[in-house]
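Trainee: I have a structure here, written as structure tokens, and I will follow up with some questions on it.
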Amino acid sequence: MREQAGISILEAASMLGADRSMISNIEAARTGLSEERVRQIACHYRCPDSALVDALASMAGGRRTRHWWDEYRGKLPDGHLDVSEIEHFATRIRTAQTVHLPGLFQIEEHARAIFDFAVPRLPRLEVELRVAHRMGRQAVVTGENPTPYLGIIHEAALRLEFGGRDVSRRQLDHLADASELDHVTLLVIPFSAGPFHGAGQSVLYAEGLVPQLDTVQLDTSFGGQFVDAPTPLGNYRSLLDLMEGSALPPGESRRLIRSIAREL
């Protein structure tokens with residue numbers, strides 16, 4: 001907002017009766033803001049987008065509340081808590097995974113097996129904390145007001161037997177059952193589709209209250225990366241659209257999931 005208004009940090013500090021370091025800390029997310037402060041800043045910056053201001057103010061007000069993931073603060077890397085937060089505030093979630101199944105639909109044994117493969121190897125306590133945190137995240141799709149969800153999964157992810165055959169069978173049955181929920185759409189890209197856009201990608205696209213608050217999380221073996229700049233967000237929307245085009249329809253995807261489960 002400040003840059004679009006052509007206001008320098010020094011000018012912003014003068015407007016708000018603050019020093020330059022406070023403005024820098026706000027913009028670097030080192031200092032939190034109240035709902036009233038958000039609206040004051042937006043007014044000084046002459047932001048014409050009332051929907052964006054309302055969305056930011058709503059999020060600022062919500063931060064006063066202690067959320068379930070706060071109990072993991074200091075126990076797990078901040079990136080895990082950031083994922084919880086963007087999912088919590090999302091109005092719609094889209095994911096694409098080619099090796100792992102969606103974390104929001106993993107059973108405990110499957111999640112535990114995945115964390116056991118972390119490099120470097122995680123202590124048992126941290127594995128259990130990560131499993132518990134992952135189960136807690138699932139409230140966004142299993143709670144009273146679930147968030148609409150669309151997940152794209154490559155067939156390879158369905159066939160990797162994390163935790164062994166029995167765990168994999170129960171995991172796939174759970175995934176197929178979840179796909180029957182009204183707010184959940186799961187699409188499978190089969191091996192028969194051949195090469196496809198986004199091969200090797202693991203993407204979580206959380207749609208915000210307004211498009212400017214959309215966030216992408218890219219999952220890697222060594223932590224998550226977050227993207228919120230307009231151009232890459234547009235690129236990831238296009239990528240997910242292309243991946244959807246390579247996938248089977250929901251009914252056929254569900255039948256393939258159950259068919260693979262029966263083979264185990």
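Residue numbers start at 1 in each chain; chains themselves are named A, B, ... in the order of the structure tokens; ligands are numbered from 1 in the order shown.
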How would you write, as a ChimeraX atom specification, the set of residues in range 138-256 of chain A that DSSP gives as strand (DSSP E or B)?
Mentor: /A:149-154,184-189,202-207,215-220,223-227
Trainee: Which residues are near range 160-167 of chain A? Cut-off 10 Å, only C-alpha atoms, ignore same chain within fewer than 3 positions. Put them as a PDB file with N, CA and C atoms, in the first residue's frame.
Mentor:
ATOM      1  N   VAL A  99       4.060 -37.023  -5.235  1.00  0.00           N
ATOM      2  CA  VAL A  99       4.724 -38.108  -4.504  1.00  0.00           C
ATOM      3  C   VAL A  99       4.012 -38.402  -3.187  1.00  0.00           C
ATOM      4  N   HIS A 100       3.541 -37.373  -2.496  1.00  0.00           N
ATOM      5  CA  HIS A 100       2.860 -37.550  -1.219  1.00  0.00           C
ATOM      6  C   HIS A 100       1.363 -37.332  -1.356  1.00  0.00           C
ATOM      7  N   LEU A 101       0.616 -37.905  -0.440  1.00  0.00           N
ATOM      8  CA  LEU A 101      -0.818 -37.666  -0.376  1.00  0.00           C
ATOM      9  C   LEU A 101      -1.075 -36.385   0.412  1.00  0.00           C
ATOM     10  N   ILE A 107      -3.827 -40.335   7.403  1.00  0.00           N
ATOM     11  CA  ILE A 107      -4.069 -40.950   8.705  1.00  0.00           C
ATOM     12  C   ILE A 107      -2.774 -40.894   9.504  1.00  0.00           C
ATOM     13  N   GLU A 108      -2.872 -41.085  10.812  1.00  0.00           N
ATOM     14  CA  GLU A 108      -1.699 -40.923  11.685  1.00  0.00           C
ATOM     15  C   GLU A 108      -0.534 -41.815  11.275  1.00  0.00           C
ATOM     16  N   GLU A 109      -0.815 -43.097  11.017  1.00  0.00           N
ATOM     17  CA  GLU A 109       0.269 -44.035  10.726  1.00  0.00           C
ATOM     18  C   GLU A 109       1.000 -43.657   9.436  1.00  0.00           C
ATOM     19  N   HIS A 110       0.258 -43.175   8.456  1.00  0.00           N
ATOM     20  CA  HIS A 110       0.868 -42.756   7.194  1.00  0.00           C
ATOM     21  C   HIS A 110       1.751 -41.530   7.414  1.00  0.00           C
ATOM     22  N   ALA A 111       1.226 -40.541   8.143  1.00  0.00           N
ATOM     23  CA  ALA A 111       2.002 -39.332   8.424  1.00  0.00           C
ATOM     24  C   ALA A 111       3.266 -39.661   9.202  1.00  0.00           C
ATOM     25  N   ARG A 112       3.142 -40.549  10.184  1.00  0.00           N
ATOM     26  CA  ARG A 112       4.297 -40.926  11.001  1.00  0.00           C
ATOM     27  C   ARG A 112       5.382 -41.581  10.141  1.00  0.00           C
ATOM     28  N   ALA A 113       4.965 -42.424   9.217  1.00  0.00           N
ATOM     29  CA  ALA A 113       5.926 -43.097   8.340  1.00  0.00           C
ATOM     30  C   ALA A 113       6.662 -42.076   7.468  1.00  0.00           C
ATOM     31  N   ILE A 114       5.955 -41.048   7.012  1.00  0.00           N
ATOM     32  CA  ILE A 114       6.591 -40.012   6.191  1.00  0.00           C
ATOM     33  C   ILE A 114       7.630 -39.255   6.996  1.00  0.00           C
ATOM     34  N   ASP A 116       9.229 -40.243   9.503  1.00  0.00           N
ATOM     35  CA  ASP A 116      10.348 -41.126   9.837  1.00  0.00           C
ATOM     36  C   ASP A 116      11.407 -41.148   8.732  1.00  0.00           C
ATOM     37  N   PHE A 117      11.043 -40.671   7.532  1.00  0.00           N
ATOM     38  CA  PHE A 117      11.992 -40.638   6.421  1.00  0.00           C
ATOM     39  C   PHE A 117      12.693 -39.285   6.305  1.00  0.00           C
ATOM     40  N   GLU A 155      -0.928 -40.665  -9.601  1.00  0.00           N
ATOM     41  CA  GLU A 155      -1.081 -42.075  -9.239  1.00  0.00           C
ATOM     42  C   GLU A 155       0.138 -42.603  -8.485  1.00  0.00           C
ATOM     43  N   ALA A 156       1.315 -42.049  -8.765  1.00  0.00           N
ATOM     44  CA  ALA A 156       2.522 -42.504  -8.069  1.00  0.00           C
ATOM     45  C   ALA A 156       2.376 -42.350  -6.561  1.00  0.00           C
ATOM     46  N   ALA A 157       1.758 -41.249  -6.125  1.00  0.00           N
ATOM     47  CA  ALA A 157       1.580 -41.017  -4.687  1.00  0.00           C
ATOM     48  C   ALA A 157       0.662 -42.062  -4.072  1.00  0.00           C
ATOM     49  N   ARG A 170      -5.517 -48.791   4.398  1.00  0.00           N
ATOM     50  CA  ARG A 170      -6.416 -47.968   5.213  1.00  0.00           C
ATOM     51  C   ARG A 170      -6.332 -46.497   4.808  1.00  0.00           C
ATOM     52  N   GLN A 171      -5.129 -46.067   4.431  1.00  0.00           N
ATOM     53  CA  GLN A 171      -4.956 -44.685   4.000  1.00  0.00           C
ATOM     54  C   GLN A 171      -5.736 -44.410   2.714  1.00  0.00           C
ATOM     55  N   LEU A 172      -5.661 -45.309   1.766  1.00  0.00           N
ATOM     56  CA  LEU A 172      -6.370 -45.114   0.505  1.00  0.00           C
ATOM     57  C   LEU A 172      -7.884 -45.185   0.700  1.00  0.00           C
ATOM     58  N   ASP A 173      -8.342 -46.086   1.546  1.00  0.00           N
ATOM     59  CA  ASP A 173      -9.775 -46.145   1.850  1.00  0.00           C
ATOM     60  C   ASP A 173     -10.247 -44.831   2.481  1.00  0.00           C
ATOM     61  N   ALA A 261      -6.327 -49.649  -3.697  1.00  0.00           N
ATOM     62  CA  ALA A 261      -6.444 -50.152  -2.318  1.00  0.00           C
ATOM     63  C   ALA A 261      -6.743 -51.646  -2.314  1.00  0.00           C
ATOM     64  N   GLU A 263      -5.821 -53.783  -4.471  1.00  0.00           N
ATOM     65  CA  GLU A 263      -4.656 -54.543  -4.920  1.00  0.00           C
ATOM     66  C   GLU A 263      -3.676 -54.837  -3.783  1.00  0.00           C
ATOM     67  N   LEU A 264      -3.754 -54.056  -2.716  1.00  0.00           N
ATOM     68  CA  LEU A 264      -2.793 -54.206  -1.621  1.00  0.00           C
ATOM     69  C   LEU A 264      -3.087 -55.428  -0.765  1.00  0.00           C
TER      70      LEU A 264
END
Trainee: When you look at range 250-254 of chain A with a cut-off of 8 Å (counting only C-alpha atoms), what residues show up, excluding the ones that are within fewer than 2 positions of it in the same chain? I need them as a PDB file with N, CA and C atoms, in the first residue's frame.
Mentor:
ATOM      1  N   ALA A 176     -10.425 -42.194  -0.253  1.00  0.00           N
ATOM      2  CA  ALA A 176     -11.601 -42.383  -1.107  1.00  0.00           C
ATOM      3  C   ALA A 176     -12.875 -41.941  -0.392  1.00  0.00           C
ATOM      4  N   SER A 179     -13.206 -38.242  -0.432  1.00  0.00           N
ATOM      5  CA  SER A 179     -13.553 -37.684  -1.738  1.00  0.00           C
ATOM      6  C   SER A 179     -15.062 -37.631  -1.960  1.00  0.00           C
ATOM      7  N   THR A 185     -13.066 -32.277  -3.420  1.00  0.00           N
ATOM      8  CA  THR A 185     -12.883 -32.842  -4.759  1.00  0.00           C
ATOM      9  C   THR A 185     -11.455 -33.351  -4.864  1.00  0.00           C
ATOM     10  N   LEU A 186     -11.302 -34.632  -5.152  1.00  0.00           N
ATOM     11  CA  LEU A 186      -9.976 -35.218  -5.344  1.00  0.00           C
ATOM     12  C   LEU A 186      -9.861 -35.713  -6.778  1.00  0.00           C
ATOM     13  N   LEU A 187      -8.816 -35.300  -7.456  1.00  0.00           N
ATOM     14  CA  LEU A 187      -8.596 -35.659  -8.854  1.00  0.00           C
ATOM     15  C   LEU A 187      -7.258 -36.376  -8.975  1.00  0.00           C
ATOM     16  N   VAL A 188      -7.251 -37.520  -9.655  1.00  0.00           N
ATOM     17  CA  VAL A 188      -6.031 -38.311  -9.811  1.00  0.00           C
ATOM     18  C   VAL A 188      -5.511 -38.195 -11.240  1.00  0.00           C
ATOM     19  N   ALA A 247      -6.033 -34.610 -15.146  1.00  0.00           N
ATOM     20  CA  ALA A 247      -6.552 -35.573 -14.165  1.00  0.00           C
ATOM     21  C   ALA A 247      -7.872 -36.198 -14.610  1.00  0.00           C
ATOM     22  N   LEU A 248      -8.172 -37.329 -14.014  1.00  0.00           N
ATOM     23  CA  LEU A 248      -9.456 -37.994 -14.238  1.00  0.00           C
ATOM     24  C   LEU A 248     -10.557 -37.217 -13.530  1.00  0.00           C
ATOM     25  N   LEU A 256     -10.330 -45.287  -9.108  1.00  0.00           N
ATOM     26  CA  LEU A 256      -8.922 -45.690  -9.214  1.00  0.00           C
ATOM     27  C   LEU A 256      -8.298 -45.820  -7.820  1.00  0.00           C
ATOM     28  N   ILE A 257      -8.617 -44.896  -6.918  1.00  0.00           N
ATOM     29  CA  ILE A 257      -8.087 -44.973  -5.552  1.00  0.00           C
ATOM     30  C   ILE A 257      -8.535 -46.285  -4.902  1.00  0.00           C
ATOM     31  N   ARG A 258      -9.811 -46.599  -5.004  1.00  0.00           N
ATOM     32  CA  ARG A 258     -10.324 -47.832  -4.378  1.00  0.00           C
ATOM     33  C   ARG A 258      -9.749 -49.077  -5.064  1.00  0.00           C
TER      34      ARG A 258
END
Trainee: Using only C-alpha atoms, which protein or nucleic acid residues come within 9 Å of Ile41 in chain A? Drop anything in the same chain fewer than 4 positions from it, and give the result as a list in words.
Mentor: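 Skipping anything fewer than 4 positions along the chain leaves Met1, Arg2, Ala12, Met15, Leu16, Glu36, Arg37, Tyr45, Arg46 and Cys47 of chain A.
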Trainee: Point out the residue among A:Asp177, A:Ile7, A:Glu71, A:Arg124 with the least atom-to-atom distance to Arg255 in chain A, counting only C-alpha atoms.
Mentor: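 Looking at the shortest contact to Arg255 in chain A, the residue is A:Asp177.
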Trainee: Step one, run DSSP on the backbone; step two, keep only residues of range 14-260 of chain A assigned to alpha helix (DSSP H); then write them as a PyMOL selection string.
Mentor: chain A and resi 14-16+20-27+35-44+50-62+78-89+108-115+124-137+139-142+155-159+165-178+230-246+250-260
Trainee: Taking 6 positions as the minimum chain separation for residues in the same chain, which residues sit within 12 Å of Pro232 in chain A when counting only C-alpha atoms? Answer as a list of chain:residue names.
Mentor: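 The residues satisfying every condition are A:Tyr205, A:Asp214, A:Thr215, A:Val216, A:Gln217, A:Leu218, A:Phe226, A:Ser238, A:Leu239.
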Trainee: Compile the contact shell of Leu213 in chain A as a PyMOL selection string: residues with an atom at most 10 Å away, counting only C-alpha atoms, same-chain residues fewer than 6 positions apart removed.
Mentor: chain A and resi 52+55-56+86+89-90+206-207+228-230
Trainee: Save the residues we just selected, N, CA and C atoms, as a PDB file, in the first residue's frame?
Mentor:
ATOM      1  N   LEU A  52     -10.034  -5.194   0.513  1.00  0.00           N
ATOM      2  CA  LEU A  52      -8.712  -5.584   1.005  1.00  0.00           C
ATOM      3  C   LEU A  52      -8.505  -5.078   2.430  1.00  0.00           C
ATOM      4  N   ALA A  55     -10.505  -7.145   4.839  1.00  0.00           N
ATOM      5  CA  ALA A  55      -9.920  -8.482   5.009  1.00  0.00           C
ATOM      6  C   ALA A  55      -8.704  -8.423   5.925  1.00  0.00           C
ATOM      7  N   LEU A  56      -7.837  -7.428   5.718  1.00  0.00           N
ATOM      8  CA  LEU A  56      -6.657  -7.286   6.573  1.00  0.00           C
ATOM      9  C   LEU A  56      -7.050  -6.983   8.014  1.00  0.00           C
ATOM     10  N   ILE A  86      -2.384 -20.071   7.269  1.00  0.00           N
ATOM     11  CA  ILE A  86      -2.943 -19.748   5.957  1.00  0.00           C
ATOM     12  C   ILE A  86      -4.114 -20.667   5.617  1.00  0.00           C
ATOM     13  N   PHE A  89      -7.263 -19.316   7.540  1.00  0.00           N
ATOM     14  CA  PHE A  89      -7.880 -18.113   6.986  1.00  0.00           C
ATOM     15  C   PHE A  89      -8.308 -18.270   5.530  1.00  0.00           C
ATOM     16  N   ALA A  90      -7.982 -19.390   4.902  1.00  0.00           N
ATOM     17  CA  ALA A  90      -8.304 -19.582   3.485  1.00  0.00           C
ATOM     18  C   ALA A  90      -9.809 -19.727   3.276  1.00  0.00           C
ATOM     19  N   ALA A 206      -3.639 -21.427  -1.087  1.00  0.00           N
ATOM     20  CA  ALA A 206      -4.685 -21.016  -0.156  1.00  0.00           C
ATOM     21  C   ALA A 206      -5.265 -19.691  -0.631  1.00  0.00           C
ATOM     22  N   GLU A 207      -6.543 -19.691  -1.004  1.00  0.00           N
ATOM     23  CA  GLU A 207      -7.186 -18.471  -1.451  1.00  0.00           C
ATOM     24  C   GLU A 207      -7.604 -17.647  -0.240  1.00  0.00           C
ATOM     25  N   ASP A 228       3.772 -15.011  -2.348  1.00  0.00           N
ATOM     26  CA  ASP A 228       2.557 -14.191  -2.316  1.00  0.00           C
ATOM     27  C   ASP A 228       2.592 -13.025  -3.302  1.00  0.00           C
ATOM     28  N   ALA A 229       3.605 -12.968  -4.173  1.00  0.00           N
ATOM     29  CA  ALA A 229       3.682 -11.909  -5.177  1.00  0.00           C
ATOM     30  C   ALA A 229       2.682 -12.191  -6.305  1.00  0.00           C
ATOM     31  N   PRO A 230       2.066 -11.161  -6.880  1.00  0.00           N
ATOM     32  CA  PRO A 230       0.993 -11.352  -7.870  1.00  0.00           C
ATOM     33  C   PRO A 230       1.364 -12.219  -9.067  1.00  0.00           C
TER      34      PRO A 230
END
Trainee: In terms of the shortest atom-to-atom distance over only C-alpha atoms, which of A:Ala139, A:Ala28, A:Ile152, A:Ala13 is closest to Glu87 in chain A?
Mentor: A:Ala139
Trainee: Determine, counting only C-alpha atoms, which protein, DNA and RNA residues have an atom within 10 Å of an atom of Thr142 in chain A; residues of the same chain fewer than 5 positions away are not included. Present the result as a PDB file with N, CA and C atoms, in the first residue's frame.
Mentor:
ATOM      1  N   LEU A 104      -3.868 -32.991   4.639  1.00  0.00           N
ATOM      2  CA  LEU A 104      -5.168 -32.790   5.277  1.00  0.00           C
ATOM      3  C   LEU A 104      -6.012 -34.064   5.293  1.00  0.00           C
ATOM      4  N   PHE A 105      -5.542 -35.108   4.606  1.00  0.00           N
ATOM      5  CA  PHE A 105      -6.300 -36.368   4.581  1.00  0.00           C
ATOM      6  C   PHE A 105      -5.426 -37.574   4.912  1.00  0.00           C
ATOM      7  N   ARG A 137      -4.364 -29.874  11.868  1.00  0.00           N
ATOM      8  CA  ARG A 137      -4.643 -29.096  10.657  1.00  0.00           C
ATOM      9  C   ARG A 137      -5.908 -29.563   9.957  1.00  0.00           C
ATOM     10  N   THR A 147     -13.639 -25.882   4.934  1.00  0.00           N
ATOM     11  CA  THR A 147     -13.190 -25.076   3.801  1.00  0.00           C
ATOM     12  C   THR A 147     -13.269 -25.907   2.522  1.00  0.00           C
ATOM     13  N   ALA A 178     -13.088 -39.679   1.919  1.00  0.00           N
ATOM     14  CA  ALA A 178     -13.060 -38.212   2.000  1.00  0.00           C
ATOM     15  C   ALA A 178     -13.502 -37.581   0.690  1.00  0.00           C
ATOM     16  N   LEU A 181     -17.148 -36.412   0.286  1.00  0.00           N
ATOM     17  CA  LEU A 181     -17.688 -35.255   0.996  1.00  0.00           C
ATOM     18  C   LEU A 181     -18.040 -34.161   0.000  1.00  0.00           C
ATOM     19  N   HIS A 183     -17.784 -30.981   0.079  1.00  0.00           N
ATOM     20  CA  HIS A 183     -16.862 -29.853  -0.078  1.00  0.00           C
ATOM     21  C   HIS A 183     -15.477 -30.291  -0.533  1.00  0.00           C
TER      22      HIS A 183
END
